[in-house]
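Written out below as C-alpha cells is the structure these notes cover.
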Amino acid sequence: MRYIEPHGHMVSRVTDDYQDMMSCGCQAVCEPAFWAGFDRSSADGFYDYFCQLTEHEPKRAARFGLPHYCWLCINPKESEDVKLASEVIELIPQFLDRPTVLGIGEIGLNKNSRNELKVLEMHVDLAARHDQLILVHTPHLEDKLKGTRLILDVLRNDSRIQPGRCVIDHVEEHTVKSVLDQGFWAGMTLYPESKCTAARAIDILEVYGSERIWMNSACDWGVSVPLAVPRAALEMRRRGHTAEFVDRMIYQNPIRFMSQSPRFKVV
Ligand SMILES: [Zn+2]
C-alpha cells in the first residue's frame, strides 16, 4: 500500500507516529496551519509557528524518510481578533517561497461569525494575489452546512479563484454534493469521535464517486488516529473495492490536487 496524508498536524505528534505512517506506506504528509489548542498572544507566536512548519518539522520528518509539506494561515479559531489576523497575514508572504509551502490553509470558518468571514476574505485575497492553492476548514456539527455555504459563496464571488485549486475539508453527507457540484475538491476527515468514520466516508465515495475527493486523518493534539487513512484503505478492500480504486483514493487523488503547486513532488 502507498498513500499520502493530505492533512496531519504533525507538530503535535510523536516520532512513533512518523514510524507507523512510514511502515504503512505513507509517501508524504501535508500539514495545514492550525490552532495550538490555546490562543497565541501575538503575531510573533505565529512567526515562530511558521518557522516550525517550514524549517523544523520538515527536518524532523526527514529523519524518518517522510517528505513534509505545509500550508500557512491564521486558523479560523483565532480569527475573531481582526487586527491580530491582519498582522499575521502580513507575515505570510515572506514564507511563501519556501520550498515546502503548498498554499494558504486551513482557512475557513469556525462559528460563522462576521469577523471570521472578514478574515476568510483576507486570506482568499492573499491566495489570489500570490497565486496559491487554498485548503479550507469547514465548521463542525450544526454549523457545518451554513458555514460551508458561506465559504463557497466567498470563494465563488472572487473571480480570481479557480474552484479546482481549492479543497474544502471535513465534508460530510450533507455538504459533499454542493462542494463537488461547484467544481471544488472535497476532503473527508476520518475521526474516531466526530467528523466522519471510515464506513461513512466509503458510503460517500460509493454515492458521489472518486473524482476530486480524498481522505485524511487530520491528526492533531486531540483524539485522532494518524493511521486513519491506511485503515480506511483496508476497509475499502474488505468492502470489495479494487486495489486500483484504493490507490486512486489515497495516493493518486491527493497527488493530482497537490501537484498544482510546483513545489509538491513525490518521488
Ligand atoms: Zn486540521
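Just remember, in the C-alpha cells the first chain shown is A, the second B, etc., residues are 1-based per chain, and ligands are 1-based in the order shown.
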Subject >> In range 50-159 of chain A, DSSP helix (DSSP H, G or I) residues written as a ChimeraX atom specification >> reply: /A:50-62,76-78,82-95,114-129,141-157
Return as JSON lines the residues of chain A lying at most 12 Å from ligand 1, together with the closest atom-to-atom pair for each and the distance in Å to one decimal, counting only C-alpha atoms and all ligand atoms, with rows in chain order and ascending residue number.
{"residue": "A:Glu5", "atom": "CA", "partner": "ligand 1", "partner_atom_place_in_ligand_line": "1 (Zn)", "distance": 11.8}
{"residue": "A:Pro6", "atom": "CA", "partner": "ligand 1", "partner_atom_place_in_ligand_line": "1 (Zn)", "distance": 10.0}
{"residue": "A:His7", "atom": "CA", "partner": "ligand 1", "partner_atom_place_in_ligand_line": "1 (Zn)", "distance": 6.3}
{"residue": "A:Gly8", "atom": "CA", "partner": "ligand 1", "partner_atom_place_in_ligand_line": "1 (Zn)", "distance": 6.8}
{"residue": "A:His9", "atom": "CA", "partner": "ligand 1", "partner_atom_place_in_ligand_line": "1 (Zn)", "distance": 6.6}
{"residue": "A:Met10", "atom": "CA", "partner": "ligand 1", "partner_atom_place_in_ligand_line": "1 (Zn)", "distance": 10.3}
{"residue": "A:Val11", "atom": "CA", "partner": "ligand 1", "partner_atom_place_in_ligand_line": "1 (Zn)", "distance": 11.8}
{"residue": "A:Ser12", "atom": "CA", "partner": "ligand 1", "partner_atom_place_in_ligand_line": "1 (Zn)", "distance": 11.3}
{"residue": "A:Cys30", "atom": "CA", "partner": "ligand 1", "partner_atom_place_in_ligand_line": "1 (Zn)", "distance": 10.3}
{"residue": "A:Glu31", "atom": "CA", "partner": "ligand 1", "partner_atom_place_in_ligand_line": "1 (Zn)", "distance": 7.9}
{"residue": "A:Pro32", "atom": "CA", "partner": "ligand 1", "partner_atom_place_in_ligand_line": "1 (Zn)", "distance": 6.2}
{"residue": "A:Ala33", "atom": "CA", "partner": "ligand 1", "partner_atom_place_in_ligand_line": "1 (Zn)", "distance": 7.4}
{"residue": "A:Phe34", "atom": "CA", "partner": "ligand 1", "partner_atom_place_in_ligand_line": "1 (Zn)", "distance": 6.0}
{"residue": "A:Trp35", "atom": "CA", "partner": "ligand 1", "partner_atom_place_in_ligand_line": "1 (Zn)", "distance": 8.3}
{"residue": "A:Ala36", "atom": "CA", "partner": "ligand 1", "partner_atom_place_in_ligand_line": "1 (Zn)", "distance": 10.6}
{"residue": "A:Gly37", "atom": "CA", "partner": "ligand 1", "partner_atom_place_in_ligand_line": "1 (Zn)", "distance": 11.7}
{"residue": "A:Cys70", "atom": "CA", "partner": "ligand 1", "partner_atom_place_in_ligand_line": "1 (Zn)", "distance": 11.3}
{"residue": "A:Trp71", "atom": "CA", "partner": "ligand 1", "partner_atom_place_in_ligand_line": "1 (Zn)", "distance": 10.4}
{"residue": "A:Leu72", "atom": "CA", "partner": "ligand 1", "partner_atom_place_in_ligand_line": "1 (Zn)", "distance": 11.6}
{"residue": "A:Cys73", "atom": "CA", "partner": "ligand 1", "partner_atom_place_in_ligand_line": "1 (Zn)", "distance": 11.7}
{"residue": "A:Ile74", "atom": "CA", "partner": "ligand 1", "partner_atom_place_in_ligand_line": "1 (Zn)", "distance": 11.9}
{"residue": "A:Asn75", "atom": "CA", "partner": "ligand 1", "partner_atom_place_in_ligand_line": "1 (Zn)", "distance": 9.0}
{"residue": "A:Pro76", "atom": "CA", "partner": "ligand 1", "partner_atom_place_in_ligand_line": "1 (Zn)", "distance": 10.6}
{"residue": "A:Lys77", "atom": "CA", "partner": "ligand 1", "partner_atom_place_in_ligand_line": "1 (Zn)", "distance": 11.1}
{"residue": "A:Gly105", "atom": "CA", "partner": "ligand 1", "partner_atom_place_in_ligand_line": "1 (Zn)", "distance": 8.9}
{"residue": "A:Glu106", "atom": "CA", "partner": "ligand 1", "partner_atom_place_in_ligand_line": "1 (Zn)", "distance": 6.5}
{"residue": "A:Ile107", "atom": "CA", "partner": "ligand 1", "partner_atom_place_in_ligand_line": "1 (Zn)", "distance": 9.5}
{"residue": "A:Gly108", "atom": "CA", "partner": "ligand 1", "partner_atom_place_in_ligand_line": "1 (Zn)", "distance": 10.9}
{"residue": "A:Asn110", "atom": "CA", "partner": "ligand 1", "partner_atom_place_in_ligand_line": "1 (Zn)", "distance": 11.8}
{"residue": "A:Leu135", "atom": "CA", "partner": "ligand 1", "partner_atom_place_in_ligand_line": "1 (Zn)", "distance": 9.7}
{"residue": "A:Val136", "atom": "CA", "partner": "ligand 1", "partner_atom_place_in_ligand_line": "1 (Zn)", "distance": 9.1}
{"residue": "A:His137", "atom": "CA", "partner": "ligand 1", "partner_atom_place_in_ligand_line": "1 (Zn)", "distance": 7.0}
{"residue": "A:Thr138", "atom": "CA", "partner": "ligand 1", "partner_atom_place_in_ligand_line": "1 (Zn)", "distance": 9.8}
{"residue": "A:Pro139", "atom": "CA", "partner": "ligand 1", "partner_atom_place_in_ligand_line": "1 (Zn)", "distance": 11.0}
{"residue": "A:His140", "atom": "CA", "partner": "ligand 1", "partner_atom_place_in_ligand_line": "1 (Zn)", "distance": 11.8}
{"residue": "A:Ile168", "atom": "CA", "partner": "ligand 1", "partner_atom_place_in_ligand_line": "1 (Zn)", "distance": 11.5}
{"residue": "A:Asp169", "atom": "CA", "partner": "ligand 1", "partner_atom_place_in_ligand_line": "1 (Zn)", "distance": 8.5}
{"residue": "A:His170", "atom": "CA", "partner": "ligand 1", "partner_atom_place_in_ligand_line": "1 (Zn)", "distance": 8.8}
{"residue": "A:Gly187", "atom": "CA", "partner": "ligand 1", "partner_atom_place_in_ligand_line": "1 (Zn)", "distance": 10.9}
{"residue": "A:Met188", "atom": "CA", "partner": "ligand 1", "partner_atom_place_in_ligand_line": "1 (Zn)", "distance": 11.3}
{"residue": "A:Thr189", "atom": "CA", "partner": "ligand 1", "partner_atom_place_in_ligand_line": "1 (Zn)", "distance": 8.9}
{"residue": "A:Leu190", "atom": "CA", "partner": "ligand 1", "partner_atom_place_in_ligand_line": "1 (Zn)", "distance": 11.3}
{"residue": "A:Tyr191", "atom": "CA", "partner": "ligand 1", "partner_atom_place_in_ligand_line": "1 (Zn)", "distance": 11.3}
{"residue": "A:Lys195", "atom": "CA", "partner": "ligand 1", "partner_atom_place_in_ligand_line": "1 (Zn)", "distance": 11.6}
{"residue": "A:Asn216", "atom": "CA", "partner": "ligand 1", "partner_atom_place_in_ligand_line": "1 (Zn)", "distance": 9.5}
{"residue": "A:Ser217", "atom": "CA", "partner": "ligand 1", "partner_atom_place_in_ligand_line": "1 (Zn)", "distance": 8.8}
{"residue": "A:Ala218", "atom": "CA", "partner": "ligand 1", "partner_atom_place_in_ligand_line": "1 (Zn)", "distance": 5.0}
{"residue": "A:Cys219", "atom": "CA", "partner": "ligand 1", "partner_atom_place_in_ligand_line": "1 (Zn)", "distance": 7.4}
{"residue": "A:Asp220", "atom": "CA", "partner": "ligand 1", "partner_atom_place_in_ligand_line": "1 (Zn)", "distance": 7.3}
{"residue": "A:Trp221", "atom": "CA", "partner": "ligand 1", "partner_atom_place_in_ligand_line": "1 (Zn)", "distance": 10.3}
{"residue": "A:Gly222", "atom": "CA", "partner": "ligand 1", "partner_atom_place_in_ligand_line": "1 (Zn)", "distance": 10.8}
{"residue": "A:Ser224", "atom": "CA", "partner": "ligand 1", "partner_atom_place_in_ligand_line": "1 (Zn)", "distance": 10.8}
Can you spit out the residues from that selection as a compact mmCIF listing (two decimals), in the first residue's frame, using C-alpha atoms?
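And here's selection.txt as it stands now:
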# COMPACT_ATOMS: atom_id res chain seq x y z
CA GLU A 5 -1.56 12.01 4.31
CA PRO A 6 -3.02 15.28 2.99
CA HIS A 7 -3.86 16.75 6.41
CA GLY A 8 -1.85 15.93 9.53
CA HIS A 9 -0.82 18.29 12.34
CA MET A 10 2.49 16.57 12.89
CA VAL A 11 3.96 19.16 15.27
CA SER A 12 1.53 17.65 17.82
CA CYS A 30 0.95 17.80 4.34
CA GLU A 31 0.43 19.95 7.43
CA PRO A 32 -2.04 22.87 7.43
CA ALA A 33 -1.51 25.67 9.95
CA PHE A 34 -3.75 25.07 12.93
CA TRP A 35 -4.92 26.29 16.31
CA ALA A 36 -2.42 25.29 19.01
CA GLY A 37 -5.14 24.32 21.50
CA CYS A 70 2.73 22.68 4.84
CA TRP A 71 0.02 25.31 4.41
CA LEU A 72 0.09 28.71 6.13
CA CYS A 73 -2.62 30.94 7.65
CA ILE A 74 -4.16 32.05 10.92
CA ASN A 75 -6.72 29.39 11.79
CA PRO A 76 -10.44 30.34 11.92
CA LYS A 77 -10.46 29.63 15.66
CA GLY A 105 -4.77 26.91 4.77
CA GLU A 106 -6.55 25.71 6.71
CA ILE A 107 -8.65 28.83 6.43
CA GLY A 108 -12.44 28.91 6.73
CA ASN A 110 -15.46 28.07 12.98
CA LEU A 135 -7.25 24.47 1.84
CA VAL A 136 -10.48 25.20 3.73
CA HIS A 137 -11.65 24.01 7.14
CA THR A 138 -15.45 23.78 7.47
CA PRO A 139 -17.14 24.16 10.87
CA HIS A 140 -18.37 21.21 12.85
CA ILE A 168 -12.94 22.02 1.08
CA ASP A 169 -12.12 19.78 4.02
CA HIS A 170 -14.18 17.93 6.63
CA GLY A 187 -11.64 16.25 1.83
CA MET A 188 -13.16 13.69 4.19
CA THR A 189 -11.68 13.65 7.69
CA LEU A 190 -11.62 10.29 9.44
CA TYR A 191 -12.06 10.82 13.17
CA LYS A 195 -16.48 14.15 11.70
CA ASN A 216 -7.24 12.43 5.66
CA SER A 217 -6.72 11.78 9.36
CA ALA A 218 -6.37 15.44 10.44
CA CYS A 219 -4.40 14.01 13.36
CA ASP A 220 -3.55 16.68 15.92
CA TRP A 221 -3.18 17.09 19.69
CA GLY A 222 -6.73 15.84 20.32
CA SER A 224 -7.35 11.39 16.44
Subject >> Selection near range 249-265 of chain A, 7 Å with only C-alpha atoms, sequence-local residues under 3 positions removed, as a VMD selection string >> reply: chain A and resid 2 to 4 6 99 to 100 102 210 212 to 215 245 to 246
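Each of A:Lys59, A:Arg231, A:Arg237, A:Arg149 was checked against Leu117 in chain A using only C-alpha atoms; the smallest atom-to-atom distance is that of A:Arg149.
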Subject >> Atomic separation - CA of Ser42 in chain A relative to CA of Val82 in chain A, Å >> reply: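 It comes out at 12.2 Å.
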**OP:** Measuring atom to atom with only C-alpha atoms, identify which of A:Ile89, A:Val229, A:Val101, A:Cys24 is nearest to Leu53 in chain A.
**Re:** A:Val101
Subject >> For Asp44 in chain A, the nearest of the candidates A:Glu173, A:Glu116, A:Ala28, A:Leu84, counting only C-alpha atoms >> reply: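 Smallest separation from Asp44 in chain A among the options: A:Leu84.
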Original post:
Rounded to one decimal in Å, what is the spacing between CA of Leu205 in chain A and CA of Asp153 in chain A?
Top reply: 24.5 Å
Original post:
What is the CA of Leu96 in chain A-CA of Arg129 in chain A distance in Å, reported with one decimal?
Top reply: 11.7 Å
Original post:
From the set A:Ala62, A:Ala85, A:Leu155, A:Cys51, which residue has the shortest atom-to-atom contact distance to Tyr18 in chain A, counting only C-alpha atoms?
Top reply: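 Among the listed residues, the smallest separation from Tyr18 in chain A belongs to A:Ala62.
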Original post:
Please, which residues of range 44-233 of chain A, numbered as in this document, come out strand (DSSP E) from DSSP, as a VMD selection string?
Top reply: chain A and resid 68 to 72 101 to 108 133 to 137 166 to 169 185 to 189 213 to 216
